[in-house]
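S.K.: So here's run_23.txt, just compact mmCIF, C-alpha atoms and all ligand atoms:
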# COMPACT_ATOMS: atom_id res chain seq x y z
CA MET G 15 -23.63 -27.93 -33.91
CA ASN G 16 -23.91 -26.52 -37.42
CA LEU G 17 -21.43 -24.02 -38.84
CA ILE G 18 -20.93 -21.98 -42.00
CA LEU G 19 -17.36 -21.04 -42.98
CA LEU G 20 -17.24 -18.14 -45.43
CA GLY G 21 -14.26 -16.73 -47.26
CA PRO G 22 -12.74 -16.34 -50.71
CA PRO G 23 -10.87 -19.10 -52.56
CA GLY G 24 -7.76 -19.92 -50.53
CA ALA G 25 -9.03 -18.40 -47.27
CA GLY G 26 -8.54 -21.72 -45.48
CA LYS G 27 -12.13 -23.00 -45.36
CA GLY G 28 -11.14 -26.56 -46.23
CA THR G 29 -8.04 -26.57 -44.02
CA GLN G 30 -9.99 -25.37 -41.00
CA ALA G 31 -13.08 -27.51 -41.70
CA LYS G 32 -10.91 -30.66 -41.57
CA ARG G 33 -9.51 -29.60 -38.18
CA LEU G 34 -12.97 -28.78 -36.77
CA GLU G 35 -14.29 -32.12 -38.05
CA ASP G 36 -11.73 -33.91 -35.89
CA ALA G 37 -12.13 -31.62 -32.88
CA TYR G 38 -15.94 -31.59 -32.71
CA LYS G 39 -16.88 -34.85 -34.48
CA ILE G 40 -18.97 -33.01 -37.03
CA ILE G 41 -18.92 -33.41 -40.80
CA GLN G 42 -17.38 -31.13 -43.44
CA LEU G 43 -19.77 -30.56 -46.32
CA SER G 44 -17.81 -29.00 -49.18
CA THR G 45 -19.85 -28.34 -52.31
CA GLY G 46 -16.54 -28.04 -54.20
CA ASP G 47 -15.55 -31.57 -53.08
CA MET G 48 -19.01 -32.87 -54.02
CA LEU G 49 -18.72 -31.38 -57.50
CA ARG G 50 -15.18 -32.77 -57.90
CA ALA G 51 -16.56 -36.21 -56.93
CA GLU G 52 -19.16 -35.83 -59.71
CA VAL G 53 -16.39 -34.92 -62.17
CA SER G 54 -14.38 -38.02 -61.15
CA SER G 55 -17.43 -40.27 -61.44
CA GLY G 56 -17.95 -39.16 -65.05
CA SER G 57 -21.63 -38.26 -64.41
CA GLU G 58 -23.59 -35.88 -66.62
CA LEU G 59 -23.56 -33.30 -63.81
CA GLY G 60 -19.81 -33.84 -63.48
CA ALA G 61 -19.25 -33.05 -67.14
CA LYS G 62 -21.14 -29.75 -66.81
CA ALA G 63 -19.45 -28.91 -63.49
CA LYS G 64 -15.98 -29.56 -64.91
CA GLU G 65 -16.39 -26.88 -67.54
CA ILE G 66 -17.75 -24.33 -65.07
CA MET G 67 -15.10 -25.04 -62.42
CA GLU G 68 -12.20 -24.91 -64.87
CA ALA G 69 -13.43 -21.50 -66.02
CA GLY G 70 -13.70 -20.32 -62.39
CA GLY G 71 -17.46 -19.66 -62.55
CA LEU G 72 -20.24 -20.88 -60.27
CA ALA G 73 -22.49 -23.91 -60.78
CA PRO G 74 -26.27 -23.20 -60.99
CA ASP G 75 -27.95 -22.46 -57.65
CA ASP G 76 -30.72 -25.06 -58.07
CA VAL G 77 -28.23 -27.88 -58.61
CA ILE G 78 -26.17 -26.91 -55.57
CA ILE G 79 -29.17 -26.36 -53.31
CA ALA G 80 -30.59 -29.81 -54.16
CA MET G 81 -27.19 -31.38 -53.55
CA ILE G 82 -26.87 -29.88 -50.04
CA SER G 83 -30.49 -30.48 -49.10
CA GLY G 84 -30.07 -34.20 -49.80
CA ARG G 85 -26.68 -34.39 -48.12
CA ILE G 86 -27.65 -32.94 -44.73
CA ASP G 87 -30.27 -35.67 -44.33
CA HIS G 88 -27.56 -38.34 -44.18
CA ASP G 89 -26.95 -40.06 -40.82
CA ASP G 90 -23.37 -38.78 -40.57
CA CYS G 91 -24.71 -35.21 -40.15
CA VAL G 92 -26.53 -36.06 -36.94
CA ASN G 93 -23.89 -34.40 -34.69
CA GLY G 94 -23.70 -31.40 -37.00
CA PHE G 95 -21.96 -30.13 -40.11
CA ILE G 96 -19.58 -27.48 -41.38
CA LEU G 97 -20.67 -25.86 -44.63
CA ASP G 98 -17.54 -25.12 -46.69
CA GLY G 99 -18.13 -23.29 -49.97
CA PHE G 100 -21.90 -23.07 -49.48
CA PRO G 101 -23.84 -20.81 -49.53
CA ARG G 102 -22.08 -18.85 -52.25
CA THR G 103 -24.83 -16.58 -53.56
CA VAL G 104 -27.68 -14.71 -51.88
CA PRO G 105 -30.27 -17.10 -53.41
CA GLN G 106 -28.29 -20.03 -51.93
CA ALA G 107 -28.24 -18.33 -48.49
CA GLU G 108 -32.00 -17.75 -48.68
CA ALA G 109 -32.65 -21.32 -49.81
CA LEU G 110 -30.49 -22.64 -46.97
CA ALA G 111 -32.49 -20.69 -44.38
CA GLU G 112 -35.76 -22.04 -45.77
CA MET G 113 -34.43 -25.60 -46.08
CA LEU G 114 -33.18 -25.66 -42.48
CA ALA G 115 -36.43 -24.19 -41.16
CA ASN G 116 -38.35 -26.95 -42.97
CA LYS G 117 -36.10 -29.61 -41.49
CA GLY G 118 -36.30 -28.08 -37.97
CA MET G 119 -32.57 -27.30 -38.04
CA SER G 120 -30.54 -24.11 -37.59
CA ILE G 121 -27.04 -22.68 -37.94
CA ASP G 122 -25.12 -22.01 -34.71
CA HIS G 123 -22.24 -19.93 -36.10
CA VAL G 124 -21.53 -18.13 -39.37
CA VAL G 125 -17.83 -17.27 -39.51
CA ALA G 126 -16.10 -15.27 -42.24
CA ILE G 127 -12.39 -16.01 -42.61
CA GLU G 128 -11.02 -12.59 -43.57
CA VAL G 129 -7.98 -12.47 -45.87
CA ASP G 130 -6.18 -10.24 -48.34
CA PRO G 131 -7.45 -11.52 -51.73
CA GLU G 132 -4.09 -10.73 -53.38
CA ALA G 133 -2.35 -13.25 -51.11
CA MET G 134 -4.72 -16.02 -52.20
CA VAL G 135 -3.09 -16.64 -55.58
CA ALA G 136 0.11 -17.89 -53.93
CA ARG G 137 -1.85 -20.00 -51.47
CA ILE G 138 -3.90 -21.67 -54.16
CA THR G 139 -1.19 -22.28 -56.73
CA GLY G 140 0.95 -23.97 -54.02
CA ARG G 141 -1.80 -26.25 -52.74
CA PHE G 142 -1.70 -30.06 -53.05
CA THR G 143 -3.70 -32.90 -51.53
CA CYS G 144 -2.99 -36.51 -50.60
CA SER G 145 -4.68 -38.73 -53.21
CA GLU G 146 -5.35 -41.41 -50.62
CA CYS G 147 -6.79 -39.59 -47.58
CA GLY G 148 -7.45 -36.08 -48.89
CA ALA G 149 -5.19 -34.29 -46.37
CA GLY G 150 -4.33 -30.81 -47.65
CA TYR G 151 -0.86 -29.25 -47.90
CA HIS G 152 0.99 -26.27 -49.35
CA ASP G 153 4.43 -26.20 -50.98
CA ASP G 154 5.63 -23.38 -48.70
CA PHE G 155 3.03 -22.77 -45.96
CA GLN G 156 2.11 -26.35 -44.98
CA PRO G 157 4.59 -28.86 -46.43
CA THR G 158 4.58 -32.56 -45.50
CA LYS G 159 6.99 -33.38 -42.65
CA VAL G 160 8.81 -35.90 -44.86
CA ASP G 161 9.13 -34.86 -48.49
CA GLY G 162 6.68 -36.83 -50.65
CA VAL G 163 4.98 -38.67 -47.75
CA CYS G 164 1.54 -37.76 -46.34
CA ASP G 165 1.73 -36.94 -42.60
CA THR G 166 -1.71 -38.44 -42.00
CA CYS G 167 -1.76 -41.74 -43.89
CA GLY G 168 1.77 -42.26 -45.24
CA GLY G 169 0.49 -42.07 -48.81
CA THR G 170 2.97 -41.07 -51.51
CA THR G 171 0.69 -39.83 -54.29
CA PHE G 172 -0.64 -36.29 -54.36
CA THR G 173 -2.97 -34.32 -56.63
CA ARG G 174 -3.37 -30.68 -57.63
CA ARG G 175 -6.77 -29.26 -58.58
CA ALA G 176 -7.38 -28.45 -62.25
CA ASP G 177 -8.71 -25.02 -61.24
CA ASP G 178 -5.65 -24.13 -59.13
CA ASN G 179 -3.79 -22.20 -61.82
CA ALA G 180 -3.16 -18.45 -61.69
CA GLU G 181 -5.61 -17.57 -64.47
CA THR G 182 -8.57 -19.55 -63.08
CA VAL G 183 -7.83 -18.30 -59.58
CA ARG G 184 -8.29 -14.71 -60.79
CA ASN G 185 -11.69 -15.66 -62.23
CA ARG G 186 -12.63 -17.45 -59.00
CA LEU G 187 -11.68 -14.37 -56.96
CA SER G 188 -13.81 -12.17 -59.26
CA ALA G 189 -16.75 -14.57 -58.93
CA TYR G 190 -16.31 -14.35 -55.17
CA GLU G 191 -16.33 -10.54 -55.15
CA GLU G 192 -19.35 -10.30 -57.45
CA GLN G 193 -21.55 -13.17 -56.32
CA THR G 194 -20.41 -14.39 -52.89
CA ALA G 195 -19.21 -11.31 -50.98
CA PRO G 196 -22.83 -9.97 -50.75
CA ILE G 197 -23.75 -12.86 -48.44
CA ILE G 198 -21.39 -11.41 -45.82
CA ALA G 199 -23.79 -8.45 -45.55
CA PHE G 200 -26.75 -10.87 -45.64
CA TYR G 201 -25.53 -12.55 -42.43
CA ARG G 202 -24.18 -9.36 -40.86
CA ASP G 203 -27.61 -7.73 -41.24
CA LYS G 204 -29.13 -10.67 -39.37
CA GLY G 205 -26.60 -10.14 -36.55
CA ALA G 206 -25.24 -13.63 -37.18
CA LEU G 207 -21.76 -12.91 -38.56
CA LYS G 208 -18.50 -13.54 -36.72
CA THR G 209 -15.05 -13.03 -38.21
CA VAL G 210 -11.54 -14.43 -37.79
CA ASP G 211 -8.23 -13.17 -39.17
CA GLY G 212 -7.38 -15.66 -41.91
CA MET G 213 -3.96 -14.12 -42.55
CA ALA G 214 -2.71 -15.52 -39.24
CA ASP G 215 -0.89 -18.87 -38.99
CA ILE G 216 -3.08 -21.93 -39.60
CA ASP G 217 -2.94 -22.94 -35.90
CA VAL G 218 -3.88 -19.42 -34.79
CA VAL G 219 -6.91 -19.41 -37.12
CA THR G 220 -8.00 -22.78 -35.68
CA ALA G 221 -7.68 -21.38 -32.14
CA SER G 222 -9.79 -18.32 -33.08
CA LEU G 223 -12.50 -20.56 -34.53
CA LYS G 224 -12.52 -22.77 -31.43
CA GLU G 225 -12.86 -19.67 -29.25
CA ILE G 226 -16.01 -18.70 -31.17
CA ILE G 227 -17.44 -22.22 -31.02
CA ASP G 228 -16.64 -22.87 -27.35
P1 LIG F 301 -14.33 -24.86 -53.73
O1 LIG F 301 -13.76 -26.20 -53.73
O2 LIG F 301 -15.26 -24.47 -52.66
O3 LIG F 301 -13.13 -23.83 -53.83
P2 LIG F 301 -12.96 -22.32 -53.32
O4 LIG F 301 -14.10 -21.67 -52.63
O5 LIG F 301 -12.39 -21.63 -54.48
O6 LIG F 301 -12.03 -22.45 -52.12
P3 LIG F 301 -10.70 -23.26 -52.05
O7 LIG F 301 -11.01 -24.69 -51.80
O8 LIG F 301 -9.81 -22.91 -53.17
O9 LIG F 301 -10.08 -22.56 -50.75
P4 LIG F 301 -10.18 -22.93 -49.23
O10 LIG F 301 -10.74 -21.72 -48.53
O11 LIG F 301 -10.83 -24.23 -48.97
O12 LIG F 301 -8.62 -22.99 -48.90
P5 LIG F 301 -7.71 -24.18 -48.34
O13 LIG F 301 -8.08 -24.47 -46.93
O14 LIG F 301 -7.64 -25.31 -49.29
O15 LIG F 301 -15.08 -24.61 -55.11
C1 LIG F 301 -14.48 -24.92 -56.34
C2 LIG F 301 -15.45 -24.60 -57.48
O16 LIG F 301 -16.63 -25.40 -57.36
C3 LIG F 301 -15.96 -23.15 -57.55
O17 LIG F 301 -15.06 -22.32 -58.23
C4 LIG F 301 -17.29 -23.35 -58.28
O18 LIG F 301 -17.09 -23.49 -59.65
C5 LIG F 301 -17.80 -24.66 -57.74
N1 LIG F 301 -18.64 -24.50 -56.55
C6 LIG F 301 -18.35 -24.96 -55.29
N2 LIG F 301 -19.32 -24.64 -54.42
C7 LIG F 301 -20.25 -23.96 -55.15
C8 LIG F 301 -21.50 -23.34 -54.80
N3 LIG F 301 -21.96 -23.35 -53.53
N4 LIG F 301 -22.20 -22.73 -55.78
C9 LIG F 301 -21.74 -22.72 -57.07
N5 LIG F 301 -20.57 -23.28 -57.46
C10 LIG F 301 -19.84 -23.90 -56.50
O19 LIG F 301 -6.30 -23.41 -48.31
C11 LIG F 301 -5.64 -23.07 -49.51
C12 LIG F 301 -4.13 -23.31 -49.38
O20 LIG F 301 -3.60 -22.37 -48.45
C13 LIG F 301 -3.78 -24.70 -48.82
O21 LIG F 301 -2.65 -25.19 -49.51
C14 LIG F 301 -3.45 -24.45 -47.34
O22 LIG F 301 -2.42 -25.31 -46.90
C15 LIG F 301 -2.97 -23.00 -47.35
N6 LIG F 301 -3.43 -22.27 -46.16
C16 LIG F 301 -4.66 -22.35 -45.55
N7 LIG F 301 -4.72 -21.51 -44.50
C17 LIG F 301 -3.52 -20.87 -44.45
C18 LIG F 301 -2.97 -19.86 -43.57
N8 LIG F 301 -3.68 -19.37 -42.54
N9 LIG F 301 -1.72 -19.45 -43.83
C19 LIG F 301 -0.99 -19.95 -44.87
N10 LIG F 301 -1.44 -20.91 -45.72
C20 LIG F 301 -2.70 -21.36 -45.51
MG MG F 302 -11.66 -25.73 -50.18
Re-express the file's structure as structure tokens.
M.R.:
Amino acid sequence: MNLILLGPPGAGKGTQAKRLEDAYKIIQLSTGDMLRAEVSSGSELGAKAKEIMEAGGLAPDDVIIAMISGRIDHDDCVNGFILDGFPRTVPQAEALAEMLANKGMSIDHVVAIEVDPEAMVARITGRFTCSECGAGYHDDFQPTKVDGVCDTCGGTTFTRRADDNAETVRNRLSAYEEQTAPIIAFYRDKGALKTVDGMADIDVVTASLKEIID
């Protein structure tokens, strides 16, 4: 089963993708995570991506499309995948459709997580992640059960994203409105779009997604 999760920065794409990964044994493919891995590796692509991400802009379509096309051929995608943060422009959505057709694959569900963009600044600036296992948290909305200890792996070191500051978040939200929001209409026009209320509690959003999938 292959899914696309759409929604602005902070909508909960990553949070929900991790839960669906566990529930359905499918793989989260986050283009943001892939670019952050390039930044950490010190690659040439990483150096370019770092600048773009810290400004809150979007990486070039051709780079992202090639990255995803290669990634979905990996063995771990055989049960299916959850696209998180891709596609993000109409050309990316068109390239995805062509790429999947060429590979004899298709998307089962396209789900937009609908949120109030204004509420996303608080979500993003409070986000932190376990450095060891990548589990995601929020200072107020999803704290660790024991202060300073990861619920999942017991790790005690956490990271915050370089682009998770109020100024960059505003730019990311603008990029979403200008370049990504049009793909909602792209999928709606094809009759493929489903929506969930992303302002609900995290568990409620997960339940809504499972209802669509099941
Ligand atoms: P990316 O990593 O994709 O970031 P994003 O789209 O800005 O989305 P976020 O990861 O910020 O939000 P999320 O929806 O995953 O929210 P989360 O679940 O963490 O991209 C980063 C950058 O990479 C882009 O700006 C761009 O430069 C580049 N890039 C990536 N893909 C690209 C592409 N395809 N093309 C071009 N460039 C690309 O939740 C956020 C917080 O809220 C968490 O702390 C969580 O605990 C909390 N939370 C989640 N749900 C709820 C809820 N229901 N209630 C309360 N709190 C909640
Ligand atoms: Mg994310």
S.K.: If you take all atoms listed in the file and a cut-off of 8 Å, which residues of chain G touch ligand MG 302 (chain F), and what are their nearest atom pairs and distances in Å to one decimal, in chain and number order, as JSON lines?
M.R.:
{"residue": "G:Pro23", "atom": "CA", "partner": "F:MG302", "partner_atom": "MG", "distance": 7.1}
{"residue": "G:Gly24", "atom": "CA", "partner": "F:MG302", "partner_atom": "MG", "distance": 7.0}
{"residue": "G:Gly26", "atom": "CA", "partner": "F:MG302", "partner_atom": "MG", "distance": 6.9}
{"residue": "G:Lys27", "atom": "CA", "partner": "F:MG302", "partner_atom": "MG", "distance": 5.6}
{"residue": "G:Gly28", "atom": "CA", "partner": "F:MG302", "partner_atom": "MG", "distance": 4.1}
{"residue": "G:Thr29", "atom": "CA", "partner": "F:MG302", "partner_atom": "MG", "distance": 7.2}
{"residue": "G:Ser44", "atom": "CA", "partner": "F:MG302", "partner_atom": "MG", "distance": 7.0}
{"residue": "G:Gly46", "atom": "CA", "partner": "F:MG302", "partner_atom": "MG", "distance": 6.7}
{"residue": "G:Asp47", "atom": "CA", "partner": "F:MG302", "partner_atom": "MG", "distance": 7.6}
{"residue": "G:Asp98", "atom": "CA", "partner": "F:MG302", "partner_atom": "MG", "distance": 6.9}
{"residue": "G:Gly99", "atom": "CA", "partner": "F:MG302", "partner_atom": "MG", "distance": 6.9}
S.K.: What does the distance between atom O5 of ligand LIG 301 (chain F) and atom CA of G:Ile40 come to in Å, to one decimal place?
M.R.: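 Interatomic distance, atom O5 of ligand LIG 301 (chain F) to atom CA of G:Ile40: 21.8 Å.
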S.K.: Quick one: residues within 7 Å of ligand LIG 301 (chain F), with only C-alpha atoms and all ligand atoms, as a PyMOL selection string?
M.R.: chain G and resi 21-30+44-47+49+66-67+70-75+78+98-102+137-138+140-142+150-152+155-156+186+212-216+219
S.K.: Of the residues G:Asp177, G:Asp90, G:Glu191, G:Glu35, which is the one nearest to G:Arg50, using only C-alpha atoms?
M.R.: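 For G:Arg50, the nearest of the candidates is G:Asp177.
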S.K.: Any idea what the distance is between atom CA of G:Ala31 and atom CA of G:Lys224?
M.R.: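 Those two atoms sit 11.3 Å apart.
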S.K.: Counting all atoms listed in the file, which of G:Thr220, G:Gln193, G:Thr209, G:Thr171 gets nearest to G:Ala126?
M.R.: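 The closest residue to G:Ala126 is G:Thr209.
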S.K.: Between atom CA of G:Phe95 and atom CA of G:Met15, what is the distance, to one decimal in Å?
M.R.: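 About the pair atom CA of G:Phe95 and atom CA of G:Met15: they are 6.8 Å apart.
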S.K.: Using only C-alpha atoms, which of G:Met134, G:Val92, G:Val218, G:Leu223 sits nearest G:Asn16?
M.R.: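 Using only C-alpha atoms, the shortest distance to G:Asn16 belongs to G:Val92.
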S.K.: Closest to G:His123 among G:Leu207, G:Lys39, G:Arg33, G:Asn93, using all atoms listed in the file?
M.R.: G:Leu207
S.K.: Looking at all atoms listed in the file, which of G:Asp87, G:Leu110, G:Ala189, G:Val124 is the one that sits closest to G:Arg202?
M.R.: G:Val124
S.K.: Using the partial input, fill out stretch 154-168 of chain G with N, CA, C and O atoms; write the result as a tab-separated table (two decimals), keeping the file's coordinate frame.
M.R.:
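New file part_16.tsv:
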chain	number	residue	atom	x	y	z
G	154	ASP	N	4.84	-24.21	-49.61
G	154	ASP	CA	5.63	-23.38	-48.70
G	154	ASP	C	5.02	-23.26	-47.29
G	154	ASP	O	5.73	-23.24	-46.31
G	155	PHE	N	3.67	-23.12	-47.24
G	155	PHE	CA	3.03	-22.77	-45.96
G	155	PHE	C	2.67	-23.98	-45.11
G	155	PHE	O	2.46	-23.86	-43.91
G	156	GLN	N	2.53	-25.16	-45.73
G	156	GLN	CA	2.11	-26.35	-44.98
G	156	GLN	C	2.68	-27.59	-45.67
G	156	GLN	O	1.92	-28.44	-46.15
G	157	PRO	N	4.02	-27.71	-45.73
G	157	PRO	CA	4.59	-28.86	-46.43
G	157	PRO	C	4.43	-30.15	-45.61
G	157	PRO	O	4.17	-30.07	-44.41
G	158	THR	N	4.58	-31.30	-46.26
G	158	THR	CA	4.58	-32.56	-45.50
G	158	THR	C	5.86	-32.59	-44.66
G	158	THR	O	6.86	-31.97	-45.02
G	159	LYS	N	5.81	-33.32	-43.53
G	159	LYS	CA	6.99	-33.38	-42.65
G	159	LYS	C	8.14	-34.07	-43.37
G	159	LYS	O	9.29	-33.65	-43.31
G	160	VAL	N	7.81	-35.19	-44.06
G	160	VAL	CA	8.81	-35.90	-44.86
G	160	VAL	C	8.44	-35.67	-46.32
G	160	VAL	O	7.29	-35.89	-46.72
G	161	ASP	N	9.40	-35.20	-47.09
G	161	ASP	CA	9.13	-34.86	-48.49
G	161	ASP	C	8.48	-36.04	-49.22
G	161	ASP	O	9.00	-37.16	-49.21
G	162	GLY	N	7.32	-35.80	-49.84
G	162	GLY	CA	6.68	-36.83	-50.65
G	162	GLY	C	5.89	-37.88	-49.87
G	162	GLY	O	5.40	-38.84	-50.46
G	163	VAL	N	5.74	-37.69	-48.55
G	163	VAL	CA	4.98	-38.67	-47.75
G	163	VAL	C	3.90	-37.94	-46.94
G	163	VAL	O	4.20	-36.99	-46.22
G	164	CYS	N	2.64	-38.40	-47.06
G	164	CYS	CA	1.54	-37.76	-46.34
G	164	CYS	C	1.71	-37.96	-44.83
G	164	CYS	O	1.91	-39.08	-44.37
G	165	ASP	N	1.61	-36.86	-44.07
G	165	ASP	CA	1.73	-36.94	-42.60
G	165	ASP	C	0.64	-37.82	-42.00
G	165	ASP	O	0.85	-38.48	-40.99
G	166	THR	N	-0.55	-37.78	-42.60
G	166	THR	CA	-1.71	-38.44	-42.00
G	166	THR	C	-1.75	-39.94	-42.28
G	166	THR	O	-1.96	-40.73	-41.37
G	167	CYS	N	-1.54	-40.32	-43.56
G	167	CYS	CA	-1.76	-41.74	-43.89
G	167	CYS	C	-0.51	-42.41	-44.48
G	167	CYS	O	-0.54	-43.61	-44.76
G	168	GLY	N	0.56	-41.66	-44.67
G	168	GLY	CA	1.77	-42.26	-45.24
G	168	GLY	C	1.71	-42.44	-46.74
G	168	GLY	O	2.63	-42.99	-47.35
